[in-house]
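Text of the file upload-v8.txt, holding compact mmCIF, C-alpha atoms and all ligand atoms:
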```txt
# COMPACT_ATOMS: atom_id res chain seq x y z
CA MET O 1 0.00 0.00 0.00
CA HIS O 2 1.20 3.47 -0.83
CA PRO O 3 2.29 5.80 1.96
CA ARG O 4 -0.51 8.14 2.98
CA TYR O 5 1.61 11.26 3.48
CA HIS O 6 5.19 10.46 2.51
CA TYR O 7 6.31 10.84 -1.09
CA ALA O 8 6.54 7.69 -3.19
CA PRO O 9 6.18 7.43 -6.97
CA ALA O 10 3.06 5.70 -8.33
CA ALA O 11 5.20 2.83 -9.61
CA ASN O 12 8.78 1.51 -9.72
CA TRP O 13 12.02 1.95 -7.80
CA LEU O 14 12.92 5.18 -5.97
CA SER O 15 16.12 5.89 -4.04
CA ASP O 16 18.26 9.01 -3.36
CA PRO O 17 16.72 12.49 -3.50
CA ASN O 18 18.50 14.52 -6.20
CA GLY O 19 18.47 18.09 -7.49
CA LEU O 20 16.50 19.69 -4.64
CA VAL O 21 15.77 23.21 -5.75
CA TRP O 22 13.08 25.88 -5.31
CA GLN O 23 11.90 28.16 -8.08
CA ASP O 24 8.97 30.56 -8.31
CA GLY O 25 6.92 28.97 -5.55
CA GLU O 26 7.62 25.33 -6.45
CA TRP O 27 9.75 22.93 -4.46
CA HIS O 28 11.33 20.52 -6.93
CA MET O 29 12.41 17.07 -5.91
CA PHE O 30 14.22 14.87 -8.39
CA TYR O 31 15.26 11.39 -7.34
CA GLN O 32 16.97 8.18 -8.41
CA TYR O 33 14.31 6.29 -10.31
CA ASN O 34 14.04 3.18 -12.48
CA PRO O 35 11.24 3.86 -15.03
CA PHE O 36 11.12 0.15 -15.87
CA GLY O 37 10.68 -1.70 -12.63
CA GLU O 38 10.89 -2.24 -8.92
CA GLU O 39 14.56 -3.20 -8.87
CA TRP O 40 17.56 -0.84 -8.96
CA GLY O 41 18.59 -0.23 -12.62
CA HIS O 42 18.26 2.11 -15.62
CA MET O 43 18.85 4.94 -13.17
CA SER O 44 17.15 8.17 -14.24
CA TRP O 45 15.90 11.26 -12.46
CA GLY O 46 12.24 11.02 -11.46
CA HIS O 47 10.56 14.33 -10.64
CA ALA O 48 7.93 15.66 -8.24
CA VAL O 49 6.87 19.18 -7.26
CA SER O 50 5.22 20.60 -4.15
CA PRO O 51 3.75 23.98 -3.20
CA ASP O 52 4.42 23.43 0.52
CA LEU O 53 6.74 20.44 1.14
CA ALA O 54 3.75 18.50 2.48
CA THR O 55 1.87 17.44 -0.65
CA TRP O 56 3.55 16.27 -3.85
CA GLN O 57 2.65 15.85 -7.48
CA GLU O 58 4.60 13.37 -9.60
CA LEU O 59 5.79 14.63 -13.00
CA PRO O 60 7.32 12.75 -15.96
CA VAL O 61 10.93 11.53 -15.78
CA ALA O 62 13.23 14.56 -16.05
CA LEU O 63 16.51 12.96 -17.10
CA ALA O 64 16.60 9.52 -18.64
CA GLU O 65 19.37 6.97 -19.17
CA GLU O 66 20.79 7.42 -22.67
CA ASP O 67 23.87 6.41 -24.71
CA GLN O 68 24.84 3.69 -22.24
CA THR O 69 24.98 6.28 -19.47
CA MET O 70 22.80 6.17 -16.39
CA ILE O 71 21.91 9.35 -14.53
CA PHE O 72 23.25 8.92 -11.00
CA SER O 73 22.78 11.23 -8.03
CA GLY O 74 23.50 14.94 -8.03
CA SER O 75 22.12 18.36 -7.30
CA ALA O 76 20.51 21.34 -9.05
CA VAL O 77 20.93 25.10 -8.84
CA ILE O 78 19.20 28.15 -10.25
CA ASP O 79 21.79 30.06 -12.26
CA HIS O 80 20.40 33.58 -11.67
CA ALA O 81 23.34 35.37 -13.29
CA ASN O 82 23.53 33.05 -16.30
CA SER O 83 27.11 32.11 -15.40
CA ALA O 84 26.89 28.94 -17.51
CA GLY O 85 25.22 30.56 -20.50
CA PHE O 86 22.08 28.40 -20.48
CA GLY O 87 19.93 31.48 -19.80
CA ALA O 88 19.17 33.73 -16.82
CA ASP O 89 17.48 31.72 -14.06
CA ALA O 90 18.10 28.43 -15.85
CA MET O 91 17.70 25.39 -13.63
CA VAL O 92 20.96 23.48 -13.97
CA ALA O 93 21.27 19.86 -12.90
CA ILE O 94 24.76 18.63 -12.00
CA TYR O 95 24.68 14.82 -12.01
CA THR O 96 26.96 11.83 -12.32
CA GLY O 97 27.00 10.02 -15.63
CA ALA O 98 27.62 6.32 -14.99
CA ARG O 99 28.55 4.17 -17.97
CA THR O 100 26.75 0.84 -18.23
CA ASP O 101 29.34 -0.78 -20.54
CA ARG O 102 32.44 -0.04 -18.44
CA LEU O 103 33.34 1.22 -14.98
CA HIS O 104 33.45 4.95 -15.47
CA GLN O 105 31.72 7.81 -13.62
CA PHE O 106 31.98 11.53 -14.41
CA GLN O 107 30.11 14.77 -13.73
CA CYS O 108 27.69 16.25 -16.25
CA LEU O 109 25.28 19.18 -16.68
CA ALA O 110 21.74 19.45 -18.01
CA ALA O 111 19.73 22.67 -18.17
CA SER O 112 16.06 23.59 -18.11
CA THR O 113 14.49 26.94 -18.94
CA ASP O 114 10.89 25.76 -18.35
CA HIS O 115 10.85 25.20 -14.59
CA GLY O 116 12.30 21.71 -14.76
CA ARG O 117 9.66 20.34 -17.17
CA THR O 118 12.27 19.54 -19.85
CA PHE O 119 16.05 19.36 -19.67
CA ALA O 120 18.72 19.47 -22.37
CA LYS O 121 21.94 17.63 -21.59
CA PHE O 122 24.97 19.88 -22.13
CA ALA O 123 26.80 19.08 -25.39
CA GLY O 124 30.18 19.56 -23.66
CA ASN O 125 29.62 16.80 -21.07
CA PRO O 126 31.39 15.59 -19.03
CA VAL O 127 32.45 18.76 -17.24
CA LEU O 128 34.56 16.89 -14.69
CA ASP O 129 36.21 13.55 -15.33
CA ARG O 130 39.03 11.89 -13.37
CA LYS O 131 38.75 8.70 -15.49
CA MET O 132 37.68 6.81 -12.43
CA ALA O 133 35.18 4.05 -11.71
CA ASP O 134 33.90 5.58 -8.46
CA PHE O 135 33.62 9.35 -8.65
CA ARG O 136 30.10 10.56 -7.99
CA ASP O 137 27.24 12.44 -6.33
CA PRO O 138 28.18 16.12 -6.93
CA SER O 139 26.51 18.53 -4.55
CA VAL O 140 26.82 22.11 -5.79
CA PHE O 141 25.95 25.44 -4.18
CA TRP O 142 26.69 29.13 -4.72
CA HIS O 143 29.18 30.57 -2.20
CA GLU O 144 28.45 34.30 -2.00
CA PRO O 145 31.60 35.40 -0.05
CA THR O 146 33.91 34.05 -2.79
CA ARG O 147 31.31 34.50 -5.57
CA ARG O 148 31.69 31.09 -7.18
CA TRP O 149 30.15 27.68 -7.32
CA ILE O 150 31.40 25.02 -4.90
CA MET O 151 31.07 21.28 -5.47
CA VAL O 152 31.57 18.51 -2.94
CA VAL O 153 31.91 15.11 -4.59
CA VAL O 154 33.15 11.68 -3.48
CA LEU O 155 35.74 9.15 -4.55
CA SER O 156 33.43 6.53 -3.07
CA ASP O 157 35.73 3.57 -3.00
CA GLU O 158 38.54 5.53 -1.35
CA ASN O 159 36.26 7.04 1.35
CA ARG O 160 37.25 10.52 0.23
CA ALA O 161 35.34 13.74 -0.42
CA LEU O 162 36.83 16.56 -2.52
CA LEU O 163 35.92 20.22 -2.89
CA TYR O 164 36.02 21.93 -6.28
CA SER O 165 35.16 25.48 -7.36
CA SER O 166 33.94 26.97 -10.61
CA PRO O 167 32.97 30.39 -12.01
CA ASP O 168 30.54 28.91 -14.57
CA LEU O 169 29.58 25.31 -13.60
CA LYS O 170 31.55 24.12 -16.64
CA SER O 171 35.21 24.37 -15.60
CA TRP O 172 36.10 23.02 -12.19
CA SER O 173 39.31 23.37 -10.10
CA GLU O 174 40.14 21.06 -7.23
CA MET O 175 40.59 22.99 -3.97
CA SER O 176 40.88 20.66 -0.99
CA GLU O 177 39.83 17.43 0.66
CA ILE O 178 37.40 16.98 3.55
CA PRO O 179 39.36 15.60 6.55
CA ARG O 180 38.25 12.03 7.09
CA ASP O 181 40.20 10.94 10.17
CA GLY O 182 38.39 8.38 12.28
CA ALA O 183 35.45 7.78 9.93
CA PRO O 184 34.03 4.28 10.40
CA GLY O 185 32.87 1.99 7.57
CA HIS O 186 33.39 1.83 3.84
CA LEU O 187 32.15 3.44 0.60
CA TRP O 188 31.23 7.09 0.74
CA GLU O 189 28.17 8.36 -1.12
CA CYS O 190 26.02 11.47 -1.40
CA PRO O 191 28.08 14.17 0.37
CA PHE O 192 26.36 17.37 1.50
CA LEU O 193 27.93 20.58 2.84
CA VAL O 194 25.70 23.33 4.21
CA GLU O 195 25.84 26.36 6.49
CA LEU O 196 23.44 26.07 9.46
CA PRO O 197 22.22 28.44 12.16
CA ILE O 198 23.15 27.72 15.76
CA GLU O 199 20.10 27.73 18.04
CA GLY O 200 19.91 30.77 20.30
CA SER O 201 22.75 32.66 18.64
CA GLN O 202 23.52 34.71 15.55
CA GLU O 203 26.40 32.41 14.69
CA THR O 204 26.58 29.68 12.10
CA ARG O 205 28.71 26.60 11.43
CA TRP O 206 28.96 24.25 8.47
CA LEU O 207 27.73 20.67 8.43
CA PHE O 208 29.44 18.04 6.32
CA LYS O 209 27.37 14.86 5.88
CA VAL O 210 28.28 11.72 4.00
CA ASP O 211 26.51 8.34 3.70
CA VAL O 212 28.61 5.30 4.38
CA LEU O 213 27.34 2.21 2.59
CA SER O 214 28.54 -0.40 5.07
CA GLY O 215 30.07 -0.68 8.50
CA ALA O 216 28.93 2.67 9.94
CA PRO O 217 26.49 3.05 12.87
CA GLY O 218 22.83 4.02 12.43
CA SER O 219 21.57 4.52 8.90
CA GLY O 220 25.09 5.26 7.67
CA ALA O 221 24.51 9.02 7.46
CA LEU O 222 27.47 10.51 9.37
CA TYR O 223 28.21 14.17 9.96
CA ARG O 224 30.80 16.54 11.34
CA VAL O 225 30.41 20.22 12.19
CA GLY O 226 33.03 22.87 11.50
CA THR O 227 33.91 25.96 9.50
CA PHE O 228 34.26 26.53 5.77
CA ASP O 229 36.32 29.43 4.41
CA GLY O 230 35.44 28.97 0.76
CA VAL O 231 38.36 26.61 0.23
CA ARG O 232 38.60 24.23 3.16
CA PHE O 233 36.20 22.54 5.60
CA MET O 234 37.79 22.48 9.06
CA PRO O 235 35.96 20.15 11.48
CA GLU O 236 35.40 21.11 15.11
CA THR O 237 33.66 17.87 16.11
CA GLY O 238 34.13 14.15 15.58
CA TRP O 239 31.73 12.01 13.55
CA GLN O 240 28.15 11.70 14.71
CA VAL O 241 25.13 9.76 13.49
CA ALA O 242 22.36 11.73 11.76
CA ASP O 243 19.73 8.99 12.17
CA HIS O 244 19.78 6.00 14.49
CA GLY O 245 17.39 3.92 12.38
CA ASP O 246 18.48 1.67 9.56
CA GLU O 247 16.81 3.51 6.72
CA PHE O 248 17.55 7.18 6.29
CA TYR O 249 20.10 7.45 3.49
CA ALA O 250 21.44 9.85 0.88
CA ALA O 251 19.81 12.96 2.40
CA ILE O 252 20.48 16.28 0.70
CA GLY O 253 18.82 19.66 1.09
CA TRP O 254 17.08 22.61 -0.40
CA THR O 255 19.54 25.26 0.75
CA GLU O 256 17.16 28.08 -0.28
CA PRO O 257 14.73 29.47 0.65
CA ARG O 258 15.22 29.26 4.40
CA ASP O 259 12.68 29.81 7.17
CA ARG O 260 12.57 32.68 9.69
CA MET O 261 15.23 30.95 11.77
CA ASP O 262 17.42 30.62 8.68
CA ARG O 263 17.01 26.86 8.60
CA PRO O 264 17.30 24.97 5.31
CA THR O 265 15.42 21.68 4.79
CA TRP O 266 16.65 18.22 3.88
CA ILE O 267 15.01 14.96 2.96
CA GLY O 268 16.36 11.40 2.83
CA TRP O 269 15.56 8.10 1.15
CA MET O 270 13.79 5.82 3.66
CA GLY O 271 15.69 2.80 2.46
CA ASN O 272 19.14 1.43 1.85
CA HIS O 273 20.79 -0.78 -0.73
CA ALA O 274 21.04 -3.82 1.56
CA VAL O 275 17.43 -4.00 2.72
CA GLN O 276 15.36 -2.86 -0.28
CA LYS O 277 15.64 -6.11 -2.20
CA HIS O 278 13.93 -7.95 0.65
CA LEU O 279 10.82 -5.79 0.57
CA PRO O 280 7.97 -7.78 -0.95
CA PRO O 281 7.09 -6.58 -4.48
CA GLN O 282 4.06 -4.29 -4.57
CA GLY O 283 4.48 -2.34 -7.82
CA TRP O 284 6.61 0.40 -6.29
CA ARG O 285 9.58 0.35 -3.95
CA GLY O 286 10.99 3.21 -1.90
CA ALA O 287 9.68 6.40 -0.30
CA MET O 288 11.16 9.65 0.98
CA SER O 289 11.36 10.68 4.63
CA LEU O 290 9.46 13.75 5.73
CA PRO O 291 11.34 16.97 4.98
CA ARG O 292 13.24 18.13 8.08
CA ARG O 293 14.41 21.64 8.97
CA LEU O 294 18.06 21.73 10.04
CA SER O 295 19.91 23.64 12.74
CA LEU O 296 22.72 23.09 15.24
CA ARG O 297 22.58 22.89 19.03
CA PRO O 298 25.69 23.43 21.13
CA ASP O 299 26.50 20.49 23.44
CA SER O 300 29.46 19.18 25.39
CA GLY O 301 30.99 17.55 22.31
CA GLY O 302 30.64 20.73 20.24
CA PHE O 303 27.46 20.69 18.19
CA ARG O 304 24.60 18.37 17.44
CA LEU O 305 22.48 18.34 14.33
CA VAL O 306 18.82 19.17 15.05
CA GLN O 307 16.14 17.93 12.62
CA THR O 308 12.60 19.23 12.97
CA VAL O 309 9.82 17.91 10.77
CA GLU O 310 8.75 20.57 8.28
CA PRO O 311 5.89 22.45 10.02
CA SER O 312 3.59 22.20 6.98
CA CYS O 313 3.47 18.40 7.44
CA ARG O 314 1.80 18.92 10.82
CA THR O 315 -1.11 20.72 9.18
CA LEU O 316 -2.01 17.43 7.46
CA PHE O 317 -3.11 16.12 10.86
CA ALA O 318 -6.27 16.78 12.89
CA ASN O 319 -6.45 17.61 16.61
CA ALA O 320 -5.06 15.19 19.15
CA GLU O 321 -7.12 12.52 20.89
CA THR O 322 -5.71 10.75 23.90
CA ILE O 323 -5.72 6.99 24.04
CA THR O 324 -4.58 4.90 26.94
CA ALA O 325 -2.68 1.96 25.67
CA ASP O 326 -3.02 0.31 29.12
CA GLU O 327 -6.61 -0.57 28.28
CA GLY O 328 -5.47 -3.54 26.24
CA CYS O 329 -5.56 -3.57 22.52
CA GLN O 330 -6.53 -0.39 20.67
CA PRO O 331 -7.08 -0.09 16.96
CA LEU O 332 -4.84 2.43 15.25
CA ALA O 333 -5.23 3.77 11.73
CA SER O 334 -2.28 3.36 9.43
CA ALA O 335 -1.34 7.04 9.27
CA ALA O 336 -0.92 8.67 12.66
CA LEU O 337 1.19 11.14 14.57
CA LEU O 338 1.77 9.93 18.13
CA GLY O 339 3.01 12.04 21.03
CA LEU O 340 4.60 10.36 24.06
CA PRO O 341 6.52 11.62 27.06
CA GLY O 342 10.29 11.52 26.98
CA ASN O 343 10.61 11.45 30.77
CA SER O 344 8.81 8.22 31.67
CA GLU O 345 9.03 4.60 30.64
CA TRP O 346 6.60 3.17 28.11
CA SER O 347 6.30 0.58 25.47
CA LEU O 348 4.06 0.37 22.44
CA ALA O 349 3.66 -2.42 19.96
CA LEU O 350 1.92 -2.27 16.64
CA SER O 351 0.97 -5.49 14.97
CA ASP O 352 -1.01 -6.84 12.05
CA ASP O 353 -2.88 -10.06 11.26
CA ALA O 354 0.18 -11.63 9.68
CA GLY O 355 2.09 -11.34 12.97
CA ARG O 356 4.34 -8.49 11.91
CA ARG O 357 5.32 -6.26 14.82
CA LEU O 358 6.84 -2.88 15.37
CA ALA O 359 7.68 -2.33 19.03
CA CYS O 360 8.85 1.02 20.45
CA THR O 361 10.14 1.11 23.99
CA LEU O 362 11.54 3.87 26.13
CA ALA O 363 13.40 2.49 29.15
CA GLN O 364 16.23 4.04 31.15
CA GLY O 365 16.58 6.87 28.69
CA THR O 366 17.10 4.61 25.68
CA LEU O 367 14.53 4.40 22.92
CA THR O 368 14.41 1.13 21.01
CA VAL O 369 12.46 0.23 17.89
CA GLU O 370 12.24 -3.43 16.98
CA ARG O 371 10.86 -4.64 13.67
CA THR O 372 9.93 -8.29 13.37
CA ASP O 373 8.43 -9.77 10.26
CA PRO O 374 7.66 -13.50 10.22
CA VAL O 375 6.72 -13.20 6.52
CA THR O 376 10.11 -11.71 5.55
CA PRO O 377 12.58 -12.45 8.37
CA GLN O 378 15.37 -10.59 6.50
CA LEU O 379 13.58 -7.45 7.67
CA ASP O 380 14.05 -8.22 11.38
CA LYS O 381 15.92 -5.30 12.90
CA ARG O 382 16.54 -3.63 16.25
CA CYS O 383 17.64 0.00 16.45
CA ALA O 384 18.26 2.02 19.59
CA MET O 385 19.19 5.55 20.58
CA ARG O 386 20.06 7.15 23.89
CA LEU O 387 17.89 10.24 24.28
CA THR O 388 19.82 13.45 24.80
CA GLU O 389 17.06 15.01 26.93
CA ASP O 390 13.60 14.47 28.46
CA ALA O 391 11.66 16.24 25.71
CA PRO O 392 8.48 14.75 24.17
CA VAL O 393 8.81 11.91 21.68
CA GLU O 394 7.06 12.27 18.31
CA ILE O 395 6.27 9.19 16.28
CA TRP O 396 5.28 9.76 12.65
CA LEU O 397 3.68 6.55 11.45
CA ASP O 398 2.68 5.86 7.90
CA THR O 399 1.91 2.87 5.75
CA GLY O 400 5.43 1.57 5.29
CA SER O 401 7.44 3.67 7.72
CA ILE O 402 8.10 5.06 11.17
CA GLU O 403 10.08 8.19 11.99
CA VAL O 404 10.83 8.89 15.64
CA ILE O 405 11.91 12.45 16.46
CA ALA O 406 12.93 13.06 20.07
CA GLY O 407 15.24 15.32 22.07
CA ARG O 408 13.72 18.37 20.31
CA GLY O 409 15.08 17.11 17.01
CA ALA O 410 18.50 15.90 18.18
CA ASP O 411 17.50 12.22 18.29
CA CYS O 412 16.03 10.73 15.11
CA LEU O 413 15.31 7.15 14.13
CA THR O 414 13.81 6.11 10.79
CA LEU O 415 12.72 2.63 9.70
CA GLN O 416 10.47 1.07 7.09
CA HIS O 417 7.93 -1.56 8.06
CA ARG O 418 5.50 -3.77 6.23
CA LEU O 419 2.55 -3.90 8.64
CA ALA O 420 -0.41 -4.71 6.42
CA GLY O 421 -3.94 -3.37 6.29
CA GLU O 422 -5.64 -0.11 7.10
CA ALA O 423 -5.64 -0.53 10.86
CA TRP O 424 -3.16 -2.00 13.26
CA ALA O 425 -3.44 -3.00 16.87
CA LEU O 426 -1.71 -0.84 19.46
CA ARG O 427 -0.82 -2.55 22.73
CA GLY O 428 1.23 -1.14 25.50
CA LYS O 429 1.67 0.91 28.54
CA GLY O 430 1.13 4.64 28.68
CA GLU O 431 -0.98 7.53 27.49
CA VAL O 432 -0.58 8.40 23.86
CA ALA O 433 -1.73 11.58 22.15
CA VAL O 434 -2.82 10.53 18.67
CA ARG O 435 -3.55 12.66 15.63
CA TYR O 436 -4.96 11.20 12.46
CA LEU O 437 -4.78 12.62 8.99
CA ALA O 438 -7.29 15.42 8.61
CA ALA O 439 -9.94 15.12 5.94
CA ARG O 440 -8.75 17.28 3.07
CA ALA O 441 -11.12 19.59 1.28
C1 LIG O 501 23.48 6.02 -3.22
C2 LIG O 501 23.96 5.73 -4.63
C3 LIG O 501 24.79 6.89 -5.16
C4 LIG O 501 24.61 6.75 -6.65
C5 LIG O 501 23.20 6.29 -6.77
C6 LIG O 501 22.94 5.33 -7.88
O1 LIG O 501 22.29 5.36 -2.92
O2 LIG O 501 24.66 4.51 -4.67
O3 LIG O 501 26.13 6.87 -4.74
O4 LIG O 501 24.81 7.97 -7.31
O5 LIG O 501 22.88 5.65 -5.54
O6 LIG O 501 21.59 4.96 -7.93
```
Rewrite the structure from the file as structure tokens, please.
Amino acid sequence: MHPRYHYAPAANWLSDPNGLVWQDGEWHMFYQYNPFGEEWGHMSWGHAVSPDLATWQELPVALAEEDQTMIFSGSAVIDHANSAGFGADAMVAIYTGARTDRLHQFQCLAASTDHGRTFAKFAGNPVLDRKMADFRDPSVFWHEPTRRWIMVVVLSDENRALLYSSPDLKSWSEMSEIPRDGAPGHLWECPFLVELPIEGSQETRWLFKVDVLSGAPGSGALYRVGTFDGVRFMPETGWQVADHGDEFYAAIGWTEPRDRMDRPTWIGWMGNHAVQKHLPPQGWRGAMSLPRRLSLRPDSGGFRLVQTVEPSCRTLFANAETITADEGCQPLASAALLGLPGNSEWSLALSDDAGRRLACTLAQGTLTVERTDPVTPQLDKRCAMRLTEDAPVEIWLDTGSIEVIAGRGADCLTLQHRLAGEAWALRGKGEVAVRYLAARA
């Protein structure tokens, strides 16, 4: 069953968000997409647009595999000053071309002058080529202080991220390397570098995030916080985990426009390459997380990333009802926003007729989510996070997923699930404030 309020395409495979950009009132989301099936392959850029980051409309494929070259992950910018010569305010996609006949990845451009409805691939592609098999996922942004474009891109297999700069998106010069000391795991993907506000101050710092395919804690999305002078990223913290679930991967952001607190928004793929193939076929595979506003909170180790669900998503939900899970088994509709205390102990279990279970427990300050699936045991998983404070725990449940946001955004845990049916049983201990999706006009 399709998610009720998370984005998923009508059919086929979806993975990484790509080319997140805003133009003239529309939030664009491109994404890794296979137009031909539910498995990874024929990678192209799917496309959806939203007026508010809460409701999405799917559009035709924006960039398709062609000439034995798949369209891998990347970003998009609005070239206001026409630096690249594709036209003032052209939407320019910067993506990785990945050959299907040999191991070769390189960076390419495509431009649109009709609000992303059609793109023309640049005749001079590739614009950046190191003749390597694993060189991908360019994330590009405009750096106003040095008035040039900056790209962060990975040499995946070497666990390295490089910074390049360009005056025109077409010619790129290597500047520096992101320090990688102490990073756990192997295979770097989907880097993201962004300036974030620090809560309660006028200061900012930069966040560097990279997804580690295997051997890293949590979902593999690791970050460090530091400064960026236009040339070099200088970390002030060690590596931390952006999401303690198993399935929040390849997140990137819309860096503009920002909200009143100067926060940009990011979104991640609620999946990963190891688990997706075990999900039972249902005509489509893969959904996005909710968009989350980003900021930094000072703590003893330096800074922590804070992720707050985009406020417009809350307006999808009606007023809260309170249910007492102690009264035995309660029915729960498949799309719900649950509110629980962060300063007491409780445990909730959702289950369906096939015996699938999703159990959330808060005990001794540690929140655990356990997924058990007797139909597909490869999906069995236990994820835990130590809460950084007593703040309320929000659980965003949808057909297919659970996102737990606690510690006022500092503690996040995202997992898919395959509970079946329209209603599940809720058993447990504790009072739960429940909101259901509001009827839409
Ligand atoms: C991450 C990733 C990227 C690559 C894309 C291909 O999920 O492996 O590194 O560009 O997916 O689909």
Original post:
ligand LIG 501 (chain O): which residues are within 8 Å, counting all atoms listed in the file, as an NGL selection string?
Top reply: :O and (15-16 or 32-33 or 40-41 or 43 or 71-74 or 96 or 136-137 or 156 or 188-190 or 211 or 213 or 249-250 or 272-273)
Original post:
How many Å separate CA of Ala216 (chain O) from CA of Gly185 (chain O)?
Top reply: 4.6 Å
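Between CA of Val241 (chain O) and CA of Gly218 (chain O) lies a distance of 6.3 Å.
Here the question is which of O:Gln276, O:Thr55, O:Gln416, O:Ser176 gets nearest to Phe228 (chain O) using all atoms listed in the file, and that residue is O:Ser176.
In this comparison, which uses only C-alpha atoms, the residue of O:Arg260, O:Thr414, O:Ala438, O:Asn125 approaching Cys313 (chain O) most closely is O:Ala438.
Proximity ranking of O:Leu413, O:Met234, O:Ala221, O:Val77 relative to Lys209 (chain O) places O:Ala221 first, based on only C-alpha atoms.
Take the candidates O:Leu53, O:Pro280, O:Ser112, O:Ser173 and check each one against Tyr5 (chain O) using only C-alpha atoms; the shortest distance goes to O:Leu53.
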Original post:
Could you work out how far CA of Ser165 (chain O) lies from CA of Arg148 (chain O), giving the answer in Å with one decimal?
Top reply: 6.6 Å
Original post:
Which polymer residues have any atom within 8 Å of an atom of Leu294 (chain O), counting all atoms listed in the file, with same-chain residues fewer than 4 positions away left out, as an NGL selection string?
Top reply: :O and (196 or 263-266 or 305-308)
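Minimum atom-to-atom distances from O:Tyr7, O:Ser166, O:Glu58, O:Ser75 to Ala110 (chain O) were compared using only C-alpha atoms, and the lowest value belongs to O:Ser75.
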Original post:
Do you know which residues are at most 12 Å from region 328-330 of chain O counting only C-alpha atoms, after dropping those on the same chain fewer than 5 positions away, and could you put them as a ChimeraX atom specification?
Top reply: /O:322-323,348-352,423-432,434
